[in-house]
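Trainee: Okay, so here is coords.cif, and as you'll see once you scroll down, it has mmCIF, C-alpha atoms and all ligand atoms.
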```cif
data_target
loop_
_atom_site.label_atom_id
_atom_site.label_comp_id
_atom_site.auth_asym_id
_atom_site.auth_seq_id
_atom_site.Cartn_x
_atom_site.Cartn_y
_atom_site.Cartn_z
CA MET Q 30 20.00 -27.28 24.64
CA ALA Q 31 18.20 -30.41 23.36
CA ASP Q 32 17.35 -31.30 27.00
CA SER Q 33 15.43 -28.05 27.45
CA GLN Q 34 11.74 -27.88 26.64
CA PRO Q 35 11.36 -26.99 22.95
CA LEU Q 36 9.24 -24.56 21.05
CA LEU Q 37 6.75 -26.66 19.09
CA ILE Q 38 6.12 -25.24 15.61
CA THR Q 39 3.05 -26.37 13.63
CA GLY Q 40 2.72 -26.12 9.85
CA ALA Q 41 6.42 -26.93 9.43
CA HIS Q 42 6.48 -26.70 5.63
CA GLY Q 43 4.55 -23.46 5.15
CA THR Q 44 6.09 -20.01 4.66
CA LEU Q 45 5.85 -19.06 8.32
CA GLY Q 46 6.70 -22.54 9.63
CA GLN Q 47 9.89 -22.68 7.59
CA ALA Q 48 10.80 -19.13 8.62
CA PHE Q 49 10.38 -19.98 12.32
CA ARG Q 50 12.56 -23.08 11.87
CA ARG Q 51 15.24 -21.00 10.20
CA VAL Q 52 15.20 -18.17 12.73
CA CYS Q 53 15.16 -20.57 15.70
CA ARG Q 54 18.23 -22.26 14.21
CA ILE Q 55 19.97 -18.90 13.74
CA ARG Q 56 19.09 -17.79 17.29
CA GLY Q 57 19.97 -21.13 18.86
CA LEU Q 58 16.45 -21.72 20.16
CA HIS Q 59 15.53 -25.35 20.73
CA ALA Q 60 12.57 -25.97 18.39
CA MET Q 61 10.64 -28.93 17.06
CA ALA Q 62 8.68 -28.37 13.84
CA LEU Q 63 5.88 -30.76 12.85
CA ASP Q 64 3.98 -30.92 9.58
CA ARG Q 65 0.32 -31.80 9.18
CA ALA Q 66 1.03 -35.55 9.05
CA ALA Q 67 2.74 -35.41 12.45
CA LEU Q 68 0.41 -32.82 13.99
CA ASP Q 69 -3.00 -31.97 12.55
CA VAL Q 70 -3.91 -28.87 14.53
CA ALA Q 71 -7.65 -29.45 14.06
CA ASP Q 72 -7.53 -33.00 15.44
CA ALA Q 73 -7.81 -33.02 19.23
CA ALA Q 74 -6.08 -36.39 19.66
CA SER Q 75 -3.22 -35.37 17.36
CA VAL Q 76 -2.71 -32.10 19.25
CA GLU Q 77 -2.88 -33.75 22.67
CA SER Q 78 -0.45 -36.47 21.64
CA ALA Q 79 2.11 -33.98 20.20
CA VAL Q 80 1.97 -31.68 23.23
CA ARG Q 81 2.19 -34.63 25.63
CA GLN Q 82 5.12 -36.15 23.74
CA HIS Q 83 7.21 -33.01 23.17
CA ARG Q 84 6.31 -31.05 26.34
CA PRO Q 85 6.93 -27.64 24.71
CA TRP Q 86 7.21 -24.49 26.80
CA ALA Q 87 5.34 -22.79 23.95
CA VAL Q 88 3.55 -23.72 20.75
CA VAL Q 89 3.99 -21.53 17.65
CA ASN Q 90 1.01 -22.08 15.40
CA ALA Q 91 2.30 -21.40 11.89
CA ALA Q 92 -0.39 -23.60 10.32
CA GLY Q 93 -3.40 -22.16 8.59
CA TYR Q 94 -5.59 -21.92 5.51
CA VAL Q 95 -4.49 -18.84 3.57
CA ARG Q 96 -6.28 -19.12 0.21
CA VAL Q 97 -8.56 -16.15 0.78
CA ASP Q 98 -10.61 -16.54 -2.42
CA GLU Q 99 -10.93 -20.33 -2.33
CA ALA Q 100 -12.14 -20.04 1.27
CA GLU Q 101 -15.43 -18.51 0.07
CA ALA Q 102 -16.49 -21.89 -1.41
CA ASP Q 103 -14.30 -24.07 0.83
CA ASP Q 104 -15.47 -22.60 4.11
CA ALA Q 105 -15.68 -25.87 6.08
CA ARG Q 106 -12.00 -26.51 5.48
CA CYS Q 107 -11.07 -22.89 6.14
CA TYR Q 108 -12.85 -22.89 9.53
CA ARG Q 109 -11.34 -26.28 10.36
CA GLU Q 110 -7.73 -25.14 9.80
CA ASN Q 111 -8.08 -21.52 10.96
CA THR Q 112 -10.59 -21.67 13.81
CA VAL Q 113 -10.85 -25.24 15.13
CA GLY Q 114 -7.07 -25.72 14.95
CA PRO Q 115 -6.07 -22.71 17.13
CA ARG Q 116 -8.92 -23.52 19.54
CA ARG Q 117 -7.62 -27.07 20.02
CA LEU Q 118 -4.06 -25.81 20.46
CA ALA Q 119 -5.21 -23.29 23.08
CA ALA Q 120 -7.03 -26.03 24.99
CA ALA Q 121 -3.97 -28.29 24.96
CA CYS Q 122 -1.63 -25.45 25.94
CA ALA Q 123 -3.95 -24.52 28.82
CA ALA Q 124 -4.05 -28.13 29.99
CA HIS Q 125 -0.26 -28.56 29.81
CA GLY Q 126 0.84 -25.13 31.02
CA ALA Q 127 2.37 -24.09 27.69
CA GLN Q 128 2.28 -20.67 26.06
CA LEU Q 129 0.73 -20.25 22.59
CA LEU Q 130 1.63 -17.90 19.74
CA THR Q 131 -0.85 -17.90 16.89
CA PHE Q 132 -1.37 -15.69 13.83
CA SER Q 133 -4.32 -13.66 12.66
CA SER Q 134 -4.79 -11.18 9.85
CA ASP Q 135 -5.56 -7.61 8.81
CA LEU Q 136 -8.57 -9.13 7.03
CA VAL Q 137 -10.50 -9.16 10.31
CA PHE Q 138 -11.18 -5.47 9.53
CA ASP Q 139 -13.80 -4.04 7.15
CA GLY Q 140 -11.67 -1.18 5.80
CA GLN Q 141 -14.05 1.61 6.77
CA GLN Q 142 -11.46 3.27 8.99
CA ALA Q 143 -9.23 6.02 7.54
CA GLU Q 144 -6.31 5.59 9.94
CA PRO Q 145 -4.21 2.55 10.90
CA TYR Q 146 -6.10 -0.10 12.82
CA ARG Q 147 -4.98 -0.66 16.39
CA GLU Q 148 -5.51 -3.80 18.43
CA GLY Q 149 -8.64 -2.48 20.16
CA ASP Q 150 -10.45 -1.27 17.05
CA PRO Q 151 -13.66 -3.12 16.17
CA ALA Q 152 -13.14 -6.09 13.86
CA ARG Q 153 -15.79 -6.75 11.19
CA PRO Q 154 -14.51 -9.18 8.56
CA LEU Q 155 -15.78 -8.99 4.99
CA ASN Q 156 -14.92 -12.54 3.96
CA VAL Q 157 -14.83 -16.16 5.18
CA TYR Q 158 -11.07 -16.14 5.77
CA GLY Q 159 -11.26 -12.99 7.93
CA HIS Q 160 -14.21 -14.40 9.84
CA SER Q 161 -12.36 -17.68 10.49
CA LYS Q 162 -9.42 -15.71 11.90
CA LEU Q 163 -11.58 -13.49 14.12
CA LEU Q 164 -13.40 -16.53 15.55
CA ALA Q 165 -9.99 -18.10 16.22
CA GLU Q 166 -8.76 -15.02 18.11
CA GLN Q 167 -11.87 -15.06 20.31
CA ALA Q 168 -11.71 -18.81 20.95
CA VAL Q 169 -7.98 -18.78 21.75
CA LEU Q 170 -8.13 -15.83 24.14
CA ALA Q 171 -11.24 -17.22 25.87
CA ARG Q 172 -9.49 -20.55 26.50
CA LEU Q 173 -6.00 -19.19 27.15
CA PRO Q 174 -6.01 -15.46 28.05
CA ALA Q 175 -2.19 -15.46 28.21
CA ALA Q 176 -1.93 -16.50 24.54
CA LEU Q 177 -0.12 -14.18 22.11
CA VAL Q 178 -2.26 -13.46 19.03
CA VAL Q 179 -0.35 -11.63 16.29
CA ARG Q 180 -2.29 -9.92 13.51
CA THR Q 181 -0.12 -9.44 10.45
CA SER Q 182 -0.49 -9.05 6.68
CA ALA Q 183 0.91 -9.37 3.16
CA PHE Q 184 4.05 -11.46 3.71
CA PHE Q 185 7.18 -11.05 1.60
CA SER Q 186 10.58 -12.71 1.93
CA ALA Q 187 13.26 -14.22 -0.28
CA TRP Q 188 13.08 -17.42 1.74
CA ASP Q 189 10.39 -18.82 -0.56
CA GLU Q 190 8.64 -17.87 -3.78
CA HIS Q 191 5.06 -17.76 -2.51
CA ASN Q 192 4.69 -14.02 -2.19
CA PHE Q 193 3.69 -10.92 -4.12
CA VAL Q 194 7.12 -9.23 -4.09
CA HIS Q 195 8.78 -12.33 -5.52
CA HIS Q 196 6.19 -12.43 -8.34
CA ALA Q 197 6.58 -8.71 -9.08
CA LEU Q 198 10.38 -9.03 -9.31
CA ALA Q 199 10.12 -12.18 -11.44
CA ALA Q 200 7.72 -10.48 -13.87
CA ALA Q 201 9.94 -7.42 -14.25
CA ARG Q 202 13.05 -9.53 -14.82
CA ALA Q 203 11.23 -11.58 -17.46
CA GLY Q 204 9.88 -8.43 -19.16
CA ARG Q 205 6.29 -9.42 -18.43
CA PRO Q 206 3.51 -6.98 -17.43
CA PHE Q 207 2.44 -7.17 -13.80
CA ALA Q 208 -1.08 -6.11 -12.82
CA ALA Q 209 -1.60 -5.04 -9.22
CA ALA Q 210 -4.48 -3.48 -7.29
CA ASP Q 211 -4.14 0.26 -6.77
CA ASP Q 212 -7.16 0.80 -4.53
CA LEU Q 213 -6.41 -1.49 -1.57
CA VAL Q 214 -4.10 -0.01 1.06
CA MET Q 215 -2.32 -2.44 3.38
CA SER Q 216 0.83 -3.08 5.43
CA PRO Q 217 3.47 -5.29 3.76
CA THR Q 218 5.32 -7.54 6.20
CA TYR Q 219 8.87 -8.82 5.80
CA VAL Q 220 8.71 -12.34 7.22
CA PRO Q 221 12.11 -12.36 9.00
CA ASP Q 222 11.16 -9.16 10.88
CA LEU Q 223 7.80 -10.67 11.81
CA VAL Q 224 9.31 -13.92 13.07
CA ASN Q 225 12.10 -12.28 15.08
CA THR Q 226 9.75 -9.79 16.71
CA ALA Q 227 7.07 -12.40 17.43
CA LEU Q 228 9.73 -14.59 19.07
CA ASP Q 229 10.97 -11.62 21.13
CA LEU Q 230 7.42 -10.99 22.34
CA LEU Q 231 6.91 -14.66 23.15
CA LEU Q 232 10.17 -14.81 25.10
CA ASP Q 233 9.18 -11.61 26.94
CA GLY Q 234 5.84 -13.13 27.98
CA ALA Q 235 3.69 -10.76 25.91
CA ARG Q 236 0.00 -11.70 25.72
CA GLY Q 237 -3.17 -10.70 23.94
CA ARG Q 238 -3.51 -9.16 20.48
CA TRP Q 239 -0.53 -7.46 18.83
CA HIS Q 240 -0.32 -5.94 15.35
CA LEU Q 241 3.00 -6.64 13.61
CA ALA Q 242 3.75 -5.29 10.13
CA ASN Q 243 6.48 -3.15 8.60
CA GLN Q 244 6.07 0.63 8.57
CA GLY Q 245 4.90 2.21 5.32
CA PRO Q 246 1.33 1.57 4.18
CA CYS Q 247 0.90 1.23 0.42
CA THR Q 248 -1.30 -0.22 -2.28
CA TRP Q 249 -0.27 -3.45 -3.99
CA ALA Q 250 0.70 -1.47 -7.10
CA GLU Q 251 2.85 0.88 -4.98
CA LEU Q 252 4.50 -2.12 -3.30
CA ALA Q 253 5.33 -3.62 -6.70
CA ARG Q 254 6.82 -0.31 -7.92
CA LEU Q 255 8.80 0.14 -4.71
CA ALA Q 256 10.20 -3.39 -4.94
CA LEU Q 257 11.27 -2.85 -8.56
CA ARG Q 258 12.74 0.57 -7.82
CA THR Q 259 14.73 -0.86 -4.89
CA ALA Q 260 16.00 -3.61 -7.20
CA GLY Q 261 16.94 -1.11 -9.92
CA LEU Q 262 14.37 -2.58 -12.30
CA ASP Q 263 12.02 -0.74 -14.68
CA GLU Q 264 8.73 0.06 -12.95
CA ALA Q 265 6.90 0.46 -16.26
CA CYS Q 266 5.73 -3.16 -16.24
CA VAL Q 267 3.47 -2.48 -13.23
CA GLN Q 268 -0.12 -2.09 -14.42
CA PRO Q 269 -2.29 -0.49 -11.70
CA ARG Q 270 -5.86 -1.86 -11.68
CA PRO Q 271 -8.90 -1.51 -9.45
CA ALA Q 272 -9.39 -4.58 -7.23
CA ALA Q 273 -12.71 -5.22 -9.00
CA ALA Q 274 -10.81 -5.96 -12.22
CA PHE Q 275 -9.31 -9.14 -10.73
CA GLY Q 276 -12.67 -10.89 -10.23
CA TRP Q 277 -11.66 -12.15 -6.80
CA ALA Q 278 -14.26 -14.28 -5.01
CA ALA Q 279 -13.56 -12.72 -1.61
CA GLN Q 280 -14.33 -9.11 -0.83
CA ARG Q 281 -11.34 -7.26 0.63
CA PRO Q 282 -11.14 -4.15 2.83
CA ARG Q 283 -10.10 -1.06 0.85
CA TYR Q 284 -7.89 -0.08 3.82
CA SER Q 285 -6.37 -2.60 6.24
CA VAL Q 286 -3.25 -0.84 7.49
CA LEU Q 287 -2.02 -2.19 10.82
CA GLY Q 288 -0.93 0.30 13.47
CA SER Q 289 -0.32 -0.65 17.08
CA ALA Q 290 -1.05 0.70 20.53
CA HIS Q 291 2.30 -0.90 21.47
CA GLY Q 292 4.29 1.32 19.09
CA ALA Q 293 6.12 0.59 15.84
CA LEU Q 294 8.10 -2.60 16.47
CA LEU Q 295 9.09 -3.40 12.88
CA PRO Q 296 11.26 -1.23 10.59
CA SER Q 297 10.21 0.28 7.27
CA VAL Q 298 8.98 -1.63 4.24
CA GLU Q 299 11.96 -0.15 2.33
CA SER Q 300 14.34 -1.73 4.83
CA GLY Q 301 12.54 -5.07 4.44
CA LEU Q 302 12.78 -4.85 0.64
CA GLN Q 303 16.50 -4.06 0.79
CA ARG Q 304 17.08 -7.14 2.94
CA HIS Q 305 14.79 -9.24 0.71
CA LEU Q 306 17.03 -8.36 -2.25
CA LYS Q 307 20.20 -9.02 -0.27
CA ASP Q 308 18.85 -12.43 0.80
CA GLU Q 309 17.98 -13.20 -2.84
CA ARG Q 310 21.57 -12.49 -3.86
CA LEU Q 311 22.97 -14.62 -1.04
CA LEU Q 312 20.64 -17.52 -1.81
CA GLN Q 313 21.51 -17.35 -5.51
CA SER Q 314 25.25 -17.27 -4.90
CA ALA Q 315 27.13 -20.54 -5.22
CA ASN Q 316 27.96 -20.82 -1.54
CA PRO Q 317 25.25 -19.20 0.54
CA PRO Q 318 26.27 -18.64 4.16
CA ALA Q 319 25.20 -21.41 6.52
CA VAL Q 320 22.61 -19.25 8.28
CA LEU Q 321 20.64 -18.92 5.05
CA VAL Q 322 20.60 -22.59 4.13
CA GLY Q 323 17.08 -23.97 4.62
N1 LIG Q 401 0.78 -15.24 3.91
C1 LIG Q 401 0.34 -14.05 4.33
O1 LIG Q 401 0.52 -13.02 3.67
C2 LIG Q 401 -0.33 -13.96 5.69
C3 LIG Q 401 -0.85 -12.71 6.09
C4 LIG Q 401 -1.47 -12.61 7.34
C5 LIG Q 401 -1.56 -13.70 8.16
N2 LIG Q 401 -1.05 -14.90 7.74
C6 LIG Q 401 -1.21 -16.06 8.63
O2 LIG Q 401 0.05 -16.66 8.87
C7 LIG Q 401 -0.12 -18.06 9.06
C8 LIG Q 401 0.81 -18.83 8.15
O3 LIG Q 401 0.60 -18.43 6.80
P1 LIG Q 401 1.57 -18.94 5.64
O4 LIG Q 401 1.56 -17.88 4.61
O5 LIG Q 401 2.84 -19.42 6.20
O6 LIG Q 401 0.72 -20.16 5.07
P2 LIG Q 401 1.22 -21.39 4.16
O7 LIG Q 401 2.52 -21.10 3.53
O8 LIG Q 401 0.05 -21.78 3.31
O9 LIG Q 401 1.45 -22.53 5.23
C9 LIG Q 401 0.40 -23.02 5.99
C10 LIG Q 401 0.82 -24.38 6.48
O10 LIG Q 401 -0.18 -24.83 7.38
C11 LIG Q 401 -0.35 -26.20 7.16
N3 LIG Q 401 -1.65 -26.64 7.63
C12 LIG Q 401 -2.87 -26.29 7.17
N4 LIG Q 401 -3.82 -26.91 7.88
C13 LIG Q 401 -3.17 -27.65 8.82
C14 LIG Q 401 -3.60 -28.52 9.86
N5 LIG Q 401 -4.90 -28.77 10.07
N6 LIG Q 401 -2.67 -29.09 10.66
C15 LIG Q 401 -1.35 -28.86 10.46
N7 LIG Q 401 -0.87 -28.07 9.47
C16 LIG Q 401 -1.79 -27.48 8.66
C17 LIG Q 401 -0.20 -26.38 5.67
O11 LIG Q 401 0.09 -27.71 5.42
P3 LIG Q 401 -0.40 -28.43 4.05
O12 LIG Q 401 0.65 -28.06 3.05
O13 LIG Q 401 -0.40 -29.86 4.43
O14 LIG Q 401 -1.75 -27.87 3.72
C18 LIG Q 401 0.96 -25.43 5.38
O15 LIG Q 401 2.20 -26.09 5.53
C19 LIG Q 401 -1.62 -18.34 8.82
O16 LIG Q 401 -2.28 -18.34 10.06
C20 LIG Q 401 -2.07 -17.14 8.01
O17 LIG Q 401 -3.44 -16.88 8.16
C21 LIG Q 401 -0.46 -15.06 6.53
#
```
Turn the structure described in the file into structure tokens.

Mentor:
Amino acid sequence: MADSQPLLITGAHGTLGQAFRRVCRIRGLHAMALDRAALDVADAASVESAVRQHRPWAVVNAAGYVRVDEAEADDARCYRENTVGPRRLAAACAAHGAQLLTFSSDLVFDGQQAEPYREGDPARPLNVYGHSKLLAEQAVLARLPAALVVRTSAFFSAWDEHNFVHHALAAARAGRPFAAADDLVMSPTYVPDLVNTALDLLLDGARGRWHLANQGPCTWAELARLALRTAGLDEACVQPRPAAAFGWAAQRPRYSVLGSAHGALLPSVESGLQRHLKDERLLQSANPPAVLVG
């Protein structure tokens, strides 16, 4: 297996990068994951050198700048990581005959639509982060039309603590109140489902824009309540608030639900939450099974 061309994963230590490493290990896919020090996606020489050295059959770009509110004042860095990086990767993949999988966001949409956004619906971002992702999509597909661009949203998983569902569960278990927006409707995404399906699409040679999120649109407050209910915890700690009450720097679409012209590829949010809780229990047990060890 090690003699075969690898998948090259960028952003090795992030949520998505770690999840790709884990799933590739579970599925027996030969993968090489590099962090920013080994591969800075926005540095042309760094990208060229990594692709030349590792000769991947495909690059999975799990790197990115995800701090949506900070991006409003830190736009140069946001565009560097989110737009320049994917563009450089697409150029290197085109030059070396490699496929590219990169990730975009529901925040490319303005929220004016009243039904789930499909891949062909017009994108009009409301904030710097969304704009950086839309520019990346356009640059990648112009340079490498066969690239796979996955729009996704609102990650949750027990594989790390950097997500909304983890924070909601932690607050409820500690008896703390948990405020959550009740006027933004979105599509929660269970990271293992996203990674497995994105890998399936990559292996199948899928190209262009694809929307991948679990089925079951909800507000953030509804997601918190659903997570607590699934865990058998008291939902009373969830305090629904209008988004305006949080004083966020970035404007967000009131509705950014992802539908797909390709059909519903991921299962329900409830199914994702049940597996999130099962993974939590396995990871907390004294001897987690080998497939869950990071
Ligand atoms: N999280 C979500 O809910 C969500 C929703 C929709 C789409 N996405 C997209 O999914 C992708 C991954 O998100 P994530 O949540 O996994 O983010 P994350 O946990 O913040 O990880 C991002 C990783 O990218 C690395 N990185 C940033 N700039 C880099 C560069 N120039 N070169 C190499 N590595 C770089 C970071 O490294 P450092 O630690 O060194 O900065 C970090 O390890 C992003 O494209 C994001 O826009 C995420």

Trainee: Can you measure atom C10 of ligand LIG 401 (chain Q) to atom CA of Q:Glu309 for me? One decimal in Å is fine.

Mentor: 22.5 Å

Trainee: Grab me every residue within 8 Å of ligand LIG 401 (chain Q), counting only C-alpha atoms and all ligand atoms, and send it over as a PyMOL selection string.

Mentor: chain Q and resi 39-47+63-72+90-96+109-111+114+131-136+162+180-185+191-192+218

Trainee: With only C-alpha atoms counted and 12 Å as the cut-off, give the residues of stretch 52-78 of chain Q in contact with stretch 219-226 of chain Q, each with its shortest interatomic distance in Å and the pair that gives it, as a tab-separated table.

Mentor:
```
residue	atom	partner	partner_atom	distance
Q:Val52	CA	Q:Asn225	CA	7.1
Q:Cys53	CA	Q:Asn225	CA	8.9
Q:Arg54	CA	Q:Asn225	CA	11.7
Q:Ile55	CA	Q:Asn225	CA	10.4
Q:Arg56	CA	Q:Asn225	CA	9.2
Q:Leu58	CA	Q:Asn225	CA	11.6
```

Trainee: Quick one: residues within 12 Å of Q:Arg258, all atoms listed in the file, excluding same-chain residues fewer than 6 positions away - as a list in words?

Mentor: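 Answer for this query is Val194, Ala197, Leu198, Ala201, Glu251, Leu252, Glu264, Ala265, Cys266, Val267, Glu299, Leu302, Gln303 and Leu306 of chain Q.
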
Trainee: Show me the residues close to (-1.8, -24.3, 27.7) - anything with an atom within 10 Å, counting only C-alpha atoms - and format the list as a CSV table (one decimal) with C-alpha atoms, in the frame of the given file.

Mentor:
```csv
chain,number,residue,atom,x,y,z
Q,80,VAL,CA,2.0,-31.7,23.2
Q,85,PRO,CA,6.9,-27.6,24.7
Q,86,TRP,CA,7.2,-24.5,26.8
Q,87,ALA,CA,5.3,-22.8,24.0
Q,88,VAL,CA,3.6,-23.7,20.8
Q,118,LEU,CA,-4.1,-25.8,20.5
Q,119,ALA,CA,-5.2,-23.3,23.1
Q,120,ALA,CA,-7.0,-26.0,25.0
Q,121,ALA,CA,-4.0,-28.3,25.0
Q,122,CYS,CA,-1.6,-25.4,25.9
Q,123,ALA,CA,-4.0,-24.5,28.8
Q,124,ALA,CA,-4.0,-28.1,30.0
Q,125,HIS,CA,-0.3,-28.6,29.8
Q,126,GLY,CA,0.8,-25.1,31.0
Q,127,ALA,CA,2.4,-24.1,27.7
Q,128,GLN,CA,2.3,-20.7,26.1
Q,129,LEU,CA,0.7,-20.2,22.6
Q,172,ARG,CA,-9.5,-20.6,26.5
Q,173,LEU,CA,-6.0,-19.2,27.2
Q,174,PRO,CA,-6.0,-15.5,28.0
Q,175,ALA,CA,-2.2,-15.5,28.2
Q,176,ALA,CA,-1.9,-16.5,24.5
```

Trainee: Separation of atom CA of Q:Phe207 and atom CA of Q:Cys107, in Å?

Mentor: 28.8 Å

Trainee: Could you please determine the separation between atom CA of Q:Thr259 and atom CA of Q:Phe193 in Å, to one decimal place?

Mentor: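 Computed distance, atom CA of Q:Thr259 to atom CA of Q:Phe193, equals 15.0 Å.
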
Trainee: Out of Q:Val76, Q:Glu190, Q:Ile38, Q:Cys247, which residue has the shortest atom-to-atom distance to Q:His59 when counting all atoms listed in the file?

Mentor: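 So, comparing all the options, the nearest one is Q:Ile38.
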
Trainee: Would you list the contacts of Q:Ala279 as a ChimeraX atom specification, taking every protein, DNA or RNA residue within 7 Å and counting all atoms listed in the file, but skipping same-chain residues closer than 6 positions in sequence?

Mentor: /Q:97-98,101,156

Trainee: Check the smallest atom-to-atom distance from each of Q:Gly245, Q:Leu257, Q:Leu287, Q:Ser161 to Q:Tyr108 using all atoms listed in the file, then report the winner.

Mentor: Q:Ser161

Trainee: List as a VMD selection string: which residues have an atom within 10 Å of (-10.9, -4.4, -8.2), counting all atoms listed in the file?

Mentor: chain Q and resid 209 to 213 270 to 277 280 to 281 283

Trainee: Write out as a CSV table (one decimal) with C-alpha atoms, in the coordinates of the input the residues lying within 7 Å of Q:Arg147, counting only C-alpha atoms and excluding same-chain residues fewer than 3 positions away.

Mentor:
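Heads up, here's the output in around.csv:
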```csv
chain,number,residue,atom,x,y,z
Q,150,ASP,CA,-10.4,-1.3,17.0
Q,287,LEU,CA,-2.0,-2.2,10.8
Q,288,GLY,CA,-0.9,0.3,13.5
Q,289,SER,CA,-0.3,-0.6,17.1
Q,290,ALA,CA,-1.0,0.7,20.5
```
